[in-house]
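Undergrad: What follows is the file input.pdb, containing PDB, C-alpha atoms and all ligand atoms:
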```
ATOM      1  CA  MET A  26    -122.421 -92.901 -68.428
ATOM      2  CA  ARG A  27    -124.970 -90.119 -68.154
ATOM      3  CA  ARG A  28    -127.833 -91.017 -65.858
ATOM      4  CA  PRO A  29    -131.039 -91.379 -67.882
ATOM      5  CA  PHE A  30    -133.852 -89.017 -66.970
ATOM      6  CA  ILE A  31    -137.596 -89.239 -67.571
ATOM      7  CA  ALA A  32    -139.269 -85.892 -66.886
ATOM      8  CA  GLY A  33    -143.026 -85.338 -66.798
ATOM      9  CA  ASN A  34    -144.587 -82.006 -67.735
ATOM     10  CA  TRP A  35    -148.187 -81.850 -66.583
ATOM     11  CA  LYS A  36    -148.766 -78.453 -68.216
ATOM     12  CA  MET A  37    -152.120 -76.970 -67.103
ATOM     13  CA  ASN A  38    -153.755 -80.323 -66.367
ATOM     14  CA  LEU A  39    -155.093 -82.361 -63.451
ATOM     15  CA  ASN A  40    -156.541 -81.137 -60.167
ATOM     16  CA  LEU A  41    -155.330 -81.765 -56.649
ATOM     17  CA  ALA A  42    -157.226 -85.028 -56.233
ATOM     18  CA  SER A  43    -156.156 -86.488 -59.587
ATOM     19  CA  ALA A  44    -152.578 -85.306 -59.010
ATOM     20  CA  ARG A  45    -152.473 -87.195 -55.706
ATOM     21  CA  GLU A  46    -153.963 -90.262 -57.372
ATOM     22  CA  LEU A  47    -151.342 -90.114 -60.118
ATOM     23  CA  ILE A  48    -148.499 -89.912 -57.599
ATOM     24  CA  ALA A  49    -149.953 -92.813 -55.623
ATOM     25  CA  GLY A  50    -150.143 -94.837 -58.842
ATOM     26  CA  LEU A  51    -146.501 -94.107 -59.636
ATOM     27  CA  ARG A  52    -145.313 -94.799 -56.100
ATOM     28  CA  ALA A  53    -147.110 -98.123 -56.002
ATOM     29  CA  LYS A  54    -144.915 -99.445 -58.803
ATOM     30  CA  LEU A  55    -141.644 -97.540 -58.488
ATOM     31  CA  SER A  56    -138.780 -98.660 -56.316
ATOM     32  CA  PRO A  57    -137.382 -95.875 -54.116
ATOM     33  CA  HIS A  58    -133.986 -96.610 -55.683
ATOM     34  CA  LEU A  59    -133.805 -96.290 -59.436
ATOM     35  CA  ALA A  60    -130.960 -96.405 -61.936
ATOM     36  CA  TYR A  61    -132.408 -93.296 -63.610
ATOM     37  CA  ASP A  62    -133.970 -89.992 -62.551
ATOM     38  CA  VAL A  63    -137.678 -89.179 -62.676
ATOM     39  CA  CYS A  64    -139.529 -85.931 -62.078
ATOM     40  CA  VAL A  65    -143.043 -84.598 -62.334
ATOM     41  CA  SER A  66    -143.734 -80.923 -63.045
ATOM     42  CA  PRO A  67    -147.121 -79.818 -61.699
ATOM     43  CA  PRO A  68    -148.691 -76.368 -62.047
ATOM     44  CA  PHE A  69    -147.505 -73.914 -59.366
ATOM     45  CA  PRO A  70    -150.426 -74.321 -56.913
ATOM     46  CA  TYR A  71    -149.794 -78.068 -56.675
ATOM     47  CA  LEU A  72    -146.048 -77.935 -56.042
ATOM     48  CA  PHE A  73    -146.319 -78.062 -52.247
ATOM     49  CA  PRO A  74    -148.870 -80.889 -52.005
ATOM     50  CA  VAL A  75    -147.067 -82.890 -54.687
ATOM     51  CA  ALA A  76    -143.748 -82.361 -52.879
ATOM     52  CA  LYS A  77    -145.393 -83.944 -49.857
ATOM     53  CA  ALA A  78    -146.910 -86.774 -51.893
ATOM     54  CA  ILE A  79    -143.551 -87.770 -53.434
ATOM     55  CA  ASP A  80    -141.579 -87.503 -50.198
ATOM     56  CA  GLY A  81    -139.438 -90.617 -49.646
ATOM     57  CA  SER A  82    -139.881 -91.820 -53.232
ATOM     58  CA  ALA A  83    -137.481 -91.660 -56.198
ATOM     59  CA  ILE A  84    -139.680 -89.015 -57.837
ATOM     60  CA  LYS A  85    -138.372 -85.455 -57.840
ATOM     61  CA  LEU A  86    -140.229 -82.205 -58.344
ATOM     62  CA  GLY A  87    -139.956 -79.825 -61.288
ATOM     63  CA  ALA A  88    -141.667 -76.518 -62.070
ATOM     64  CA  GLN A  89    -142.837 -75.431 -65.498
ATOM     65  CA  ASN A  90    -141.548 -71.869 -65.456
ATOM     66  CA  LEU A  91    -139.914 -69.218 -63.264
ATOM     67  CA  SER A  92    -139.270 -65.508 -63.159
ATOM     68  CA  THR A  93    -136.059 -63.954 -64.457
ATOM     69  CA  ASP A  94    -135.929 -61.906 -61.258
ATOM     70  CA  GLU A  95    -135.113 -62.743 -57.672
ATOM     71  CA  LYS A  96    -137.895 -60.755 -56.026
ATOM     72  CA  GLY A  97    -139.879 -57.586 -56.248
ATOM     73  CA  ALA A  98    -143.036 -56.051 -57.646
ATOM     74  CA  PHE A  99    -143.724 -58.609 -60.373
ATOM     75  CA  THR A 100    -147.355 -59.537 -59.946
ATOM     76  CA  GLY A 101    -148.070 -63.146 -60.799
ATOM     77  CA  GLU A 102    -144.449 -64.196 -61.077
ATOM     78  CA  VAL A 103    -142.673 -66.920 -59.095
ATOM     79  CA  SER A 104    -138.949 -66.784 -58.295
ATOM     80  CA  ALA A 105    -136.350 -69.536 -58.416
ATOM     81  CA  LEU A 106    -135.894 -69.414 -54.644
ATOM     82  CA  MET A 107    -139.635 -69.840 -54.123
ATOM     83  CA  LEU A 108    -139.519 -72.950 -56.300
ATOM     84  CA  LYS A 109    -136.565 -74.209 -54.319
ATOM     85  CA  ASP A 110    -138.497 -73.555 -51.094
ATOM     86  CA  ALA A 111    -141.441 -75.494 -52.492
ATOM     87  CA  GLY A 112    -139.199 -78.527 -52.968
ATOM     88  CA  CYS A 113    -138.280 -78.273 -56.640
ATOM     89  CA  THR A 114    -135.118 -79.843 -58.009
ATOM     90  CA  TYR A 115    -135.755 -78.942 -61.666
ATOM     91  CA  VAL A 116    -137.397 -76.188 -63.672
ATOM     92  CA  ILE A 117    -138.464 -76.337 -67.319
ATOM     93  CA  ILE A 118    -137.320 -73.239 -69.230
ATOM     94  CA  GLY A 119    -138.169 -72.047 -72.731
ATOM     95  CA  HIS A 120    -140.826 -74.618 -73.558
ATOM     96  CA  SER A 121    -142.134 -73.929 -77.062
ATOM     97  CA  GLU A 122    -145.569 -73.198 -75.590
ATOM     98  CA  ARG A 123    -143.919 -70.219 -73.889
ATOM     99  CA  ARG A 124    -141.677 -69.195 -76.771
ATOM    100  CA  HIS A 125    -144.072 -68.711 -79.648
ATOM    101  CA  THR A 126    -145.316 -65.334 -80.704
ATOM    102  CA  ILE A 127    -146.408 -66.095 -84.228
ATOM    103  CA  GLY A 128    -148.999 -68.287 -85.833
ATOM    104  CA  PRO A 129    -152.633 -68.696 -84.923
ATOM    105  CA  LYS A 130    -153.332 -68.438 -81.212
ATOM    106  CA  ASP A 131    -154.454 -71.853 -80.162
ATOM    107  CA  ALA A 132    -155.364 -73.833 -77.088
ATOM    108  CA  VAL A 133    -151.750 -74.009 -75.958
ATOM    109  CA  GLY A 134    -151.603 -70.220 -75.845
ATOM    110  CA  ARG A 135    -148.970 -68.986 -78.269
ATOM    111  CA  VAL A 136    -148.771 -65.655 -76.547
ATOM    112  CA  CYS A 137    -145.885 -65.620 -74.084
ATOM    113  CA  GLY A 138    -143.193 -64.749 -76.610
ATOM    114  CA  GLU A 139    -140.168 -65.842 -74.625
ATOM    115  CA  ASP A 140    -136.972 -65.344 -76.579
ATOM    116  CA  ASP A 141    -133.457 -66.750 -76.168
ATOM    117  CA  ASP A 142    -132.425 -63.790 -74.031
ATOM    118  CA  MET A 143    -135.245 -64.470 -71.582
ATOM    119  CA  VAL A 144    -134.425 -68.186 -71.603
ATOM    120  CA  ASN A 145    -130.842 -67.233 -70.782
ATOM    121  CA  ARG A 146    -131.868 -64.989 -67.874
ATOM    122  CA  LYS A 147    -134.215 -67.637 -66.507
ATOM    123  CA  THR A 148    -131.502 -70.282 -66.796
ATOM    124  CA  LYS A 149    -129.109 -68.086 -64.830
ATOM    125  CA  ALA A 150    -131.788 -67.357 -62.216
ATOM    126  CA  ALA A 151    -132.471 -71.081 -61.808
ATOM    127  CA  LEU A 152    -128.787 -71.941 -61.465
ATOM    128  CA  ALA A 153    -128.237 -69.168 -58.919
ATOM    129  CA  ALA A 154    -130.918 -70.733 -56.727
ATOM    130  CA  GLY A 155    -129.514 -74.247 -57.083
ATOM    131  CA  LEU A 156    -132.218 -75.536 -59.423
ATOM    132  CA  ILE A 157    -131.395 -77.734 -62.411
ATOM    133  CA  PRO A 158    -132.724 -76.089 -65.583
ATOM    134  CA  ILE A 159    -134.345 -78.215 -68.280
ATOM    135  CA  VAL A 160    -133.770 -75.905 -71.243
ATOM    136  CA  CYS A 161    -136.076 -76.639 -74.183
ATOM    137  CA  VAL A 162    -135.083 -76.123 -77.799
ATOM    138  CA  GLY A 163    -136.681 -77.227 -81.056
ATOM    139  CA  GLU A 164    -137.689 -76.218 -84.549
ATOM    140  CA  THR A 165    -141.137 -75.630 -86.003
ATOM    141  CA  LEU A 166    -142.394 -77.649 -88.953
ATOM    142  CA  GLY A 167    -141.808 -74.688 -91.279
ATOM    143  CA  GLN A 168    -138.213 -74.426 -90.108
ATOM    144  CA  ARG A 169    -137.641 -78.165 -90.580
ATOM    145  CA  ASP A 170    -139.170 -78.092 -94.060
ATOM    146  CA  ALA A 171    -136.973 -75.116 -94.952
ATOM    147  CA  GLY A 172    -133.865 -77.061 -93.885
ATOM    148  CA  GLN A 173    -133.231 -74.739 -90.925
ATOM    149  CA  THR A 174    -133.367 -77.259 -88.079
ATOM    150  CA  GLU A 175    -129.660 -77.205 -87.253
ATOM    151  CA  ASP A 176    -129.427 -73.413 -87.476
ATOM    152  CA  VAL A 177    -132.410 -72.987 -85.167
ATOM    153  CA  LEU A 178    -130.956 -75.416 -82.619
ATOM    154  CA  THR A 179    -127.548 -73.733 -82.821
ATOM    155  CA  GLN A 180    -129.119 -70.326 -82.226
ATOM    156  CA  GLN A 181    -131.306 -71.503 -79.322
ATOM    157  CA  VAL A 182    -128.448 -73.358 -77.621
ATOM    158  CA  ARG A 183    -126.088 -70.428 -78.041
ATOM    159  CA  GLY A 184    -128.609 -67.774 -77.014
ATOM    160  CA  GLY A 185    -130.047 -69.725 -74.116
ATOM    161  CA  LEU A 186    -126.747 -70.724 -72.553
ATOM    162  CA  THR A 187    -124.535 -67.737 -73.205
ATOM    163  CA  GLY A 188    -122.392 -66.611 -70.275
ATOM    164  CA  LEU A 189    -122.675 -69.863 -68.317
ATOM    165  CA  THR A 190    -119.556 -71.438 -66.801
ATOM    166  CA  THR A 191    -118.489 -74.866 -68.034
ATOM    167  CA  GLU A 192    -119.494 -76.339 -64.642
ATOM    168  CA  GLN A 193    -122.959 -74.831 -64.971
ATOM    169  CA  VAL A 194    -123.339 -76.201 -68.493
ATOM    170  CA  ALA A 195    -122.199 -79.656 -67.389
ATOM    171  CA  GLY A 196    -125.037 -79.787 -64.848
ATOM    172  CA  LEU A 197    -127.766 -78.802 -67.286
ATOM    173  CA  VAL A 198    -130.524 -80.769 -68.901
ATOM    174  CA  VAL A 199    -131.441 -79.788 -72.466
ATOM    175  CA  ALA A 200    -134.679 -81.014 -74.019
ATOM    176  CA  TYR A 201    -134.918 -81.328 -77.792
ATOM    177  CA  GLU A 202    -138.581 -80.866 -78.585
ATOM    178  CA  PRO A 203    -139.498 -80.460 -82.243
ATOM    179  CA  VAL A 204    -142.519 -78.164 -82.036
ATOM    180  CA  TRP A 205    -144.419 -80.163 -84.668
ATOM    181  CA  ALA A 206    -144.226 -83.260 -82.467
ATOM    182  CA  ILE A 207    -145.568 -81.727 -79.259
ATOM    183  CA  GLY A 208    -149.052 -82.886 -78.380
ATOM    184  CA  THR A 209    -149.677 -83.931 -81.987
ATOM    185  CA  GLY A 210    -149.228 -87.683 -81.680
ATOM    186  CA  ARG A 211    -146.573 -87.344 -84.381
ATOM    187  CA  ASN A 212    -143.177 -88.085 -82.856
ATOM    188  CA  ALA A 213    -139.835 -87.493 -84.541
ATOM    189  CA  THR A 214    -138.280 -90.655 -85.937
ATOM    190  CA  PRO A 215    -135.519 -92.105 -83.753
ATOM    191  CA  GLN A 216    -133.083 -91.029 -86.476
ATOM    192  CA  GLN A 217    -134.345 -87.434 -86.566
ATOM    193  CA  ALA A 218    -134.094 -87.278 -82.771
ATOM    194  CA  ALA A 219    -130.603 -88.797 -82.734
ATOM    195  CA  GLU A 220    -129.359 -86.370 -85.413
ATOM    196  CA  ALA A 221    -130.684 -83.367 -83.526
ATOM    197  CA  HIS A 222    -129.155 -84.580 -80.265
ATOM    198  CA  VAL A 223    -125.761 -85.117 -81.875
ATOM    199  CA  HIS A 224    -125.945 -81.619 -83.339
ATOM    200  CA  ILE A 225    -126.855 -80.080 -79.966
ATOM    201  CA  ARG A 226    -124.020 -81.902 -78.223
ATOM    202  CA  LYS A 227    -121.545 -80.733 -80.874
ATOM    203  CA  ARG A 228    -122.655 -77.148 -80.424
ATOM    204  CA  LEU A 229    -122.314 -77.502 -76.643
ATOM    205  CA  ALA A 230    -118.827 -78.914 -77.117
ATOM    206  CA  SER A 231    -117.650 -76.103 -79.358
ATOM    207  CA  ALA A 232    -119.059 -73.390 -77.092
ATOM    208  CA  HIS A 233    -118.450 -74.911 -73.655
ATOM    209  CA  THR A 234    -115.796 -77.709 -73.921
ATOM    210  CA  ALA A 235    -116.190 -81.346 -74.894
ATOM    211  CA  LYS A 236    -116.124 -82.405 -71.256
ATOM    212  CA  ALA A 237    -119.103 -80.218 -70.335
ATOM    213  CA  ALA A 238    -121.003 -81.285 -73.458
ATOM    214  CA  ASP A 239    -120.411 -84.903 -72.606
ATOM    215  CA  ALA A 240    -121.979 -84.434 -69.170
ATOM    216  CA  VAL A 241    -125.161 -82.655 -70.353
ATOM    217  CA  ARG A 242    -128.245 -84.799 -70.444
ATOM    218  CA  ILE A 243    -130.258 -84.237 -73.610
ATOM    219  CA  LEU A 244    -133.867 -85.435 -73.498
ATOM    220  CA  TYR A 245    -136.191 -85.963 -76.430
ATOM    221  CA  GLY A 246    -139.722 -84.561 -76.127
ATOM    222  CA  GLY A 247    -142.746 -84.705 -78.415
ATOM    223  CA  SER A 248    -145.430 -87.399 -78.400
ATOM    224  CA  VAL A 249    -143.380 -89.864 -76.363
ATOM    225  CA  LYS A 250    -145.500 -92.859 -75.384
ATOM    226  CA  ALA A 251    -144.885 -96.217 -73.761
ATOM    227  CA  SER A 252    -144.968 -97.772 -77.240
ATOM    228  CA  ASN A 253    -142.200 -95.589 -78.738
ATOM    229  CA  ALA A 254    -140.069 -94.739 -75.678
ATOM    230  CA  ALA A 255    -137.552 -97.543 -76.169
ATOM    231  CA  GLU A 256    -136.804 -96.720 -79.797
ATOM    232  CA  LEU A 257    -136.707 -92.973 -79.182
ATOM    233  CA  THR A 258    -134.252 -93.280 -76.289
ATOM    234  CA  ALA A 259    -132.083 -96.002 -77.850
ATOM    235  CA  SER A 260    -129.493 -93.650 -79.360
ATOM    236  CA  PRO A 261    -126.505 -93.034 -77.053
ATOM    237  CA  ASP A 262    -127.037 -89.271 -77.373
ATOM    238  CA  VAL A 263    -130.657 -89.434 -76.204
ATOM    239  CA  ASP A 264    -130.556 -89.494 -72.416
ATOM    240  CA  GLY A 265    -134.250 -89.810 -71.704
ATOM    241  CA  ALA A 266    -137.533 -88.051 -72.402
ATOM    242  CA  LEU A 267    -139.570 -84.976 -71.543
ATOM    243  CA  VAL A 268    -143.136 -86.202 -71.550
ATOM    244  CA  GLY A 269    -146.341 -84.181 -71.708
ATOM    245  CA  GLY A 270    -149.646 -85.986 -72.251
ATOM    246  CA  ALA A 271    -148.426 -89.462 -71.346
ATOM    247  CA  SER A 272    -147.089 -88.246 -67.987
ATOM    248  CA  LEU A 273    -150.682 -87.678 -66.810
ATOM    249  CA  VAL A 274    -151.506 -91.387 -66.611
ATOM    250  CA  ALA A 275    -149.479 -93.503 -64.176
ATOM    251  CA  ASP A 276    -149.290 -96.630 -66.340
ATOM    252  CA  ASP A 277    -148.357 -94.648 -69.442
ATOM    253  CA  PHE A 278    -145.601 -92.751 -67.631
ATOM    254  CA  LEU A 279    -144.331 -95.964 -66.019
ATOM    255  CA  GLY A 280    -144.375 -97.633 -69.444
ATOM    256  CA  ILE A 281    -142.118 -94.868 -70.780
ATOM    257  CA  MET A 282    -139.699 -95.439 -67.898
ATOM    258  CA  MET A 283    -139.684 -99.146 -68.702
ATOM    259  CA  GLY A 284    -139.028 -98.381 -72.372
ATOM    260  CA  CYS A 285    -136.029 -96.299 -71.415
ATOM    261  CA  VAL A 286    -134.796 -98.990 -69.000
ATOM    262  CA  THR A 287    -134.927-101.494 -71.850
ATOM    263  CA  ALA A 288    -133.219 -99.165 -74.328
ATOM    264  CA  LYS A 289    -130.429 -98.284 -71.923
ATOM    265  CA  ARG A 290    -130.180-101.814 -70.542
ATOM    266  CA  LEU A 291    -130.616-100.596 -66.974
ATOM    267  CA  LYS A 292    -131.383-102.903 -64.084
TER     268      LYS A 292
HETATM  269  P1  LIG B 301    -146.318 -84.316 -75.449
HETATM  270  O1  LIG B 301    -145.627 -82.972 -74.885
HETATM  271  O2  LIG B 301    -145.578 -85.463 -74.830
HETATM  272  O3  LIG B 301    -147.742 -84.222 -74.984
HETATM  273  O4  LIG B 301    -146.173 -84.281 -76.920
HETATM  274  C1  LIG B 301    -144.247 -82.898 -74.731
HETATM  275  C2  LIG B 301    -143.868 -81.587 -74.104
HETATM  276  O5  LIG B 301    -144.482 -80.568 -74.401
HETATM  277  O6  LIG B 301    -142.935 -81.531 -73.278
END
```
Output the file's structure in the form of structure tokens.
TA:
Amino acid sequence: MRRPFIAGNWKMNLNLASARELIAGLRAKLSPHLAYDVCVSPPFPYLFPVAKAIDGSAIKLGAQNLSTDEKGAFTGEVSALMLKDAGCTYVIIGHSERRHTIGPKDAVGRVCGEDDDMVNRKTKAALAAGLIPIVCVGETLGQRDAGQTEDVLTQQVRGGLTGLTTEQVAGLVVAYEPVWAIGTGRNATPQQAAEAHVHIRKRLASAHTAKAADAVRILYGGSVKASNAAELTASPDVDGALVGGASLVADDFLGIMMGCVTAKRLK
């Protein structure tokens, strides 16, 4: 069985004091030995202090982005090896807040314009440094309404993972995050999530072998809360959740873990 995984994405939230408080709140209630994986993904400046705060706990560290390049004159960029040095196990790649180029510019900054080729280069950079990529894919509302969801997912999975070995694919985490569900309070239905996950796994199987596809953990992301975590993670193809807003409050994030524990019948 794939090991369930609950990943937190803090985005550009919290400060050092509230980050430490959040970790203390999680540690107070989490056993150091869990039947599932957990990570938090703070902004870059907080990686080191958070790495220290989670030391000895079951919580692992993730970053929210990385450079495509190993080193050099790239002002403001952070390399995979630097993230590794800072204590990261995971790195989120191709989040929709970094992909979008079109539509009104809003508070989540639809300006980065990362495409599948960049996602692919970042994924390779992460793997080369020994980080586990969490590769995000997902359709916009317009694409869903136009019946393009499966095509979009196929394209993003193919483009993002091209050129990877089957072993590399087997170690990946993919996050299905319908863009219309992120930060909107409107989650996908468990059935919509399950259908998308099945489709992603099929595409992984046809491009990278059934064995590799079977090993990939596919997380659902988009308005996951303690109250809907169990139903959203109940499908056998949903291996956990990538959580934004609700990962900023210890009890909410813990509630999501408990929901997943119930759904997967973990001890
Ligand atoms: P949300 O964000 O849980 O706040 O909807 C999810 C994400 O962006 O990963």
Undergrad: Once 6 Å is added on each side, what are the centre and the three edge lengths, in Å to one decimal, of the axis-aligned box enclosing the listed atoms of ligand LIG 301 (chain B)? Present them as AutoDock Vina command-line options.
TA:
```
--center_x -145.3 --center_y -83.0 --center_z -75.1 --size_x 16.8 --size_y 16.9 --size_z 15.6
```
Undergrad: Record the distance separating CA of Glu164 in chain A and CA of Leu189 in chain A, expressed in Å with one decimal.
TA: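 If I compute the distance from CA of Glu164 in chain A to CA of Leu189 in chain A, I get 23.0 Å.
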Undergrad: Could you name the residues that touch range 241-244 of chain A at 7 Å or less, counting all atoms listed in the file, but leaving out those on the same chain fewer than 4 positions away, as a ChimeraX atom specification?
TA: /A:27,194-201,222,237,263-267
Undergrad: I want to know what sits within 12 Å of Lys77 in chain A, based on all atoms listed in the file, with residues of the same chain fewer than 5 positions away left out; could you give that as a list in words?
TA: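 Here the answer would be Ala44, Arg45, Ile48, Ala49, Tyr71, Leu72, Ser82, Ile84, Lys85, Leu86, Ala111, Gly112 and Cys113 of chain A.
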Undergrad: Counting only C-alpha atoms and all ligand atoms, which protein, DNA or RNA residues come within 8 Å of ligand LIG 301 (chain B), given as a list of chain:residue names?
TA: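 So, counting only C-alpha atoms and all ligand atoms, the residues near ligand LIG 301 (chain B) are A:Gly33, A:Asn34, A:Lys36, A:His120, A:Ser121, A:Glu122, A:Glu202, A:Ala206, A:Ile207, A:Gly208, A:Thr209, A:Gly210, A:Asn212, A:Gly246, A:Gly247, A:Ser248, A:Val249, A:Lys250, A:Leu267, A:Val268, A:Gly269, A:Gly270, A:Ala271, A:Ser272.
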Undergrad: Could you tell me, as an MDAnalysis selection string, exactly which residues end up selected when the PyMOL selection byres (((chain A and resi 223) around 12) and not hetatm) is applied to this structure?
TA: chainID A and resid 175 178:179 201 216:222 224:230 238:239 241:245 260:264
Undergrad: Restricting the output to C-alpha atoms, write the selected residues as an mmCIF file, in the frame of the given file.
TA:
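Just written: selection.cif:
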```cif
data_model
loop_
_atom_site.group_PDB
_atom_site.id
_atom_site.type_symbol
_atom_site.label_atom_id
_atom_site.label_comp_id
_atom_site.auth_asym_id
_atom_site.auth_seq_id
_atom_site.Cartn_x
_atom_site.Cartn_y
_atom_site.Cartn_z
ATOM 1 C CA GLU A 175 -129.660 -77.205 -87.253
ATOM 2 C CA LEU A 178 -130.956 -75.416 -82.619
ATOM 3 C CA THR A 179 -127.548 -73.733 -82.821
ATOM 4 C CA TYR A 201 -134.918 -81.328 -77.792
ATOM 5 C CA GLN A 216 -133.083 -91.029 -86.476
ATOM 6 C CA GLN A 217 -134.345 -87.434 -86.566
ATOM 7 C CA ALA A 218 -134.094 -87.278 -82.771
ATOM 8 C CA ALA A 219 -130.603 -88.797 -82.734
ATOM 9 C CA GLU A 220 -129.359 -86.370 -85.413
ATOM 10 C CA ALA A 221 -130.684 -83.367 -83.526
ATOM 11 C CA HIS A 222 -129.155 -84.580 -80.265
ATOM 12 C CA HIS A 224 -125.945 -81.619 -83.339
ATOM 13 C CA ILE A 225 -126.855 -80.080 -79.966
ATOM 14 C CA ARG A 226 -124.020 -81.902 -78.223
ATOM 15 C CA LYS A 227 -121.545 -80.733 -80.874
ATOM 16 C CA ARG A 228 -122.655 -77.148 -80.424
ATOM 17 C CA LEU A 229 -122.314 -77.502 -76.643
ATOM 18 C CA ALA A 230 -118.827 -78.914 -77.117
ATOM 19 C CA ALA A 238 -121.003 -81.285 -73.458
ATOM 20 C CA ASP A 239 -120.411 -84.903 -72.606
ATOM 21 C CA VAL A 241 -125.161 -82.655 -70.353
ATOM 22 C CA ARG A 242 -128.245 -84.799 -70.444
ATOM 23 C CA ILE A 243 -130.258 -84.237 -73.610
ATOM 24 C CA LEU A 244 -133.867 -85.435 -73.498
ATOM 25 C CA TYR A 245 -136.191 -85.963 -76.430
ATOM 26 C CA SER A 260 -129.493 -93.650 -79.360
ATOM 27 C CA PRO A 261 -126.505 -93.034 -77.053
ATOM 28 C CA ASP A 262 -127.037 -89.271 -77.373
ATOM 29 C CA VAL A 263 -130.657 -89.434 -76.204
ATOM 30 C CA ASP A 264 -130.556 -89.494 -72.416
#
```
Undergrad: Go ahead and compute the interatomic distance for CA of Gln180 in chain A and CA of Arg123 in chain A, in Å to one decimal.
TA: 17.0 Å
Undergrad: Could you list, as an NGL selection string, every residue within 12 Å of Gly167 in chain A, counting all atoms listed in the file and ignoring same-chain residues fewer than 2 positions away?
TA: :A and (128 or 163-165 or 169-174 or 177 or 203-205)
Undergrad: Atoms to include: C-alpha atoms. Write the selected residues as a PDB file, in the coordinates of the input.
TA:
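Output contents, as saved in selection_18.pdb:
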```
ATOM      1  CA  GLY A 128    -148.999 -68.287 -85.833  1.00  0.00           C
ATOM      2  CA  GLY A 163    -136.681 -77.227 -81.056  1.00  0.00           C
ATOM      3  CA  GLU A 164    -137.689 -76.218 -84.549  1.00  0.00           C
ATOM      4  CA  THR A 165    -141.137 -75.630 -86.003  1.00  0.00           C
ATOM      5  CA  ARG A 169    -137.641 -78.165 -90.580  1.00  0.00           C
ATOM      6  CA  ASP A 170    -139.170 -78.092 -94.060  1.00  0.00           C
ATOM      7  CA  ALA A 171    -136.973 -75.116 -94.952  1.00  0.00           C
ATOM      8  CA  GLY A 172    -133.865 -77.061 -93.885  1.00  0.00           C
ATOM      9  CA  GLN A 173    -133.231 -74.739 -90.925  1.00  0.00           C
ATOM     10  CA  THR A 174    -133.367 -77.259 -88.079  1.00  0.00           C
ATOM     11  CA  VAL A 177    -132.410 -72.987 -85.167  1.00  0.00           C
ATOM     12  CA  PRO A 203    -139.498 -80.460 -82.243  1.00  0.00           C
ATOM     13  CA  VAL A 204    -142.519 -78.164 -82.036  1.00  0.00           C
ATOM     14  CA  TRP A 205    -144.419 -80.163 -84.668  1.00  0.00           C
TER      15      TRP A 205
END
```
Undergrad: Apply the PyMOL selection byres (((chain A and resi 88) around 12) and not hetatm) to the structure shown and report the selected residues as number ranges by chain.
TA: A: 32-37, 64-73, 75-76, 85-87, 89-92, 103-118, 120, 151, 156-159
Undergrad: Quick one, how far is CA of Met282 in chain A from CA of Val182 in chain A?
TA: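 Distance between the two atoms: 26.6 Å.
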Undergrad: Using the chain letters and numbers from the file, which residues does the PyMOL selection byres (((chain A and resi 288-290) around 6) and not hetatm) grab, as an mmCIF file with C-alpha atoms, in the coordinates of the input?
TA:
```cif
data_model
loop_
_atom_site.group_PDB
_atom_site.id
_atom_site.type_symbol
_atom_site.label_atom_id
_atom_site.label_comp_id
_atom_site.auth_asym_id
_atom_site.auth_seq_id
_atom_site.Cartn_x
_atom_site.Cartn_y
_atom_site.Cartn_z
ATOM 1 C CA ALA A 255 -137.552 -97.543 -76.169
ATOM 2 C CA ALA A 259 -132.083 -96.002 -77.850
ATOM 3 C CA CYS A 285 -136.029 -96.299 -71.415
ATOM 4 C CA VAL A 286 -134.796 -98.990 -69.000
ATOM 5 C CA THR A 287 -134.927 -101.494 -71.850
ATOM 6 C CA LEU A 291 -130.616 -100.596 -66.974
#
```
Undergrad: Kindly write range 188-197 of chain A with N, CA and C atoms to a file, as a PDB file, in the first residue's frame.
TA:
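Wrote it out as out_1.pdb, contents follow:
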```pdb
ATOM      1  N   GLY A 188      11.176  12.454 -19.824  1.00  0.00           N
ATOM      2  CA  GLY A 188      12.612  12.195 -19.668  1.00  0.00           C
ATOM      3  C   GLY A 188      13.015  11.617 -18.321  1.00  0.00           C
ATOM      4  N   LEU A 189      12.061  11.384 -17.441  1.00  0.00           N
ATOM      5  CA  LEU A 189      12.408  10.802 -16.132  1.00  0.00           C
ATOM      6  C   LEU A 189      12.514   9.276 -16.255  1.00  0.00           C
ATOM      7  N   THR A 190      13.371   8.662 -15.455  1.00  0.00           N
ATOM      8  CA  THR A 190      13.451   7.202 -15.450  1.00  0.00           C
ATOM      9  C   THR A 190      12.236   6.646 -14.691  1.00  0.00           C
ATOM     10  N   THR A 191      11.969   5.369 -14.885  1.00  0.00           N
ATOM     11  CA  THR A 191      10.826   4.777 -14.173  1.00  0.00           C
ATOM     12  C   THR A 191      11.055   4.828 -12.661  1.00  0.00           C
ATOM     13  N   GLU A 192      12.308   4.661 -12.227  1.00  0.00           N
ATOM     14  CA  GLU A 192      12.598   4.731 -10.776  1.00  0.00           C
ATOM     15  C   GLU A 192      12.299   6.131 -10.259  1.00  0.00           C
ATOM     16  N   GLN A 193      12.682   7.144 -11.028  1.00  0.00           N
ATOM     17  CA  GLN A 193      12.416   8.516 -10.587  1.00  0.00           C
ATOM     18  C   GLN A 193      10.912   8.764 -10.500  1.00  0.00           C
ATOM     19  N   VAL A 194      10.177   8.290 -11.489  1.00  0.00           N
ATOM     20  CA  VAL A 194       8.722   8.491 -11.471  1.00  0.00           C
ATOM     21  C   VAL A 194       8.108   7.785 -10.259  1.00  0.00           C
ATOM     22  N   ALA A 195       8.579   6.584  -9.984  1.00  0.00           N
ATOM     23  CA  ALA A 195       8.007   5.810  -8.871  1.00  0.00           C
ATOM     24  C   ALA A 195       8.154   6.547  -7.532  1.00  0.00           C
ATOM     25  N   GLY A 196       9.186   7.371  -7.408  1.00  0.00           N
ATOM     26  CA  GLY A 196       9.422   8.068  -6.145  1.00  0.00           C
ATOM     27  C   GLY A 196       8.706   9.402  -6.029  1.00  0.00           C
ATOM     28  N   LEU A 197       8.000   9.784  -7.066  1.00  0.00           N
ATOM     29  CA  LEU A 197       7.390  11.121  -7.098  1.00  0.00           C
ATOM     30  C   LEU A 197       6.116  11.226  -6.272  1.00  0.00           C
TER      31      LEU A 197
END
```
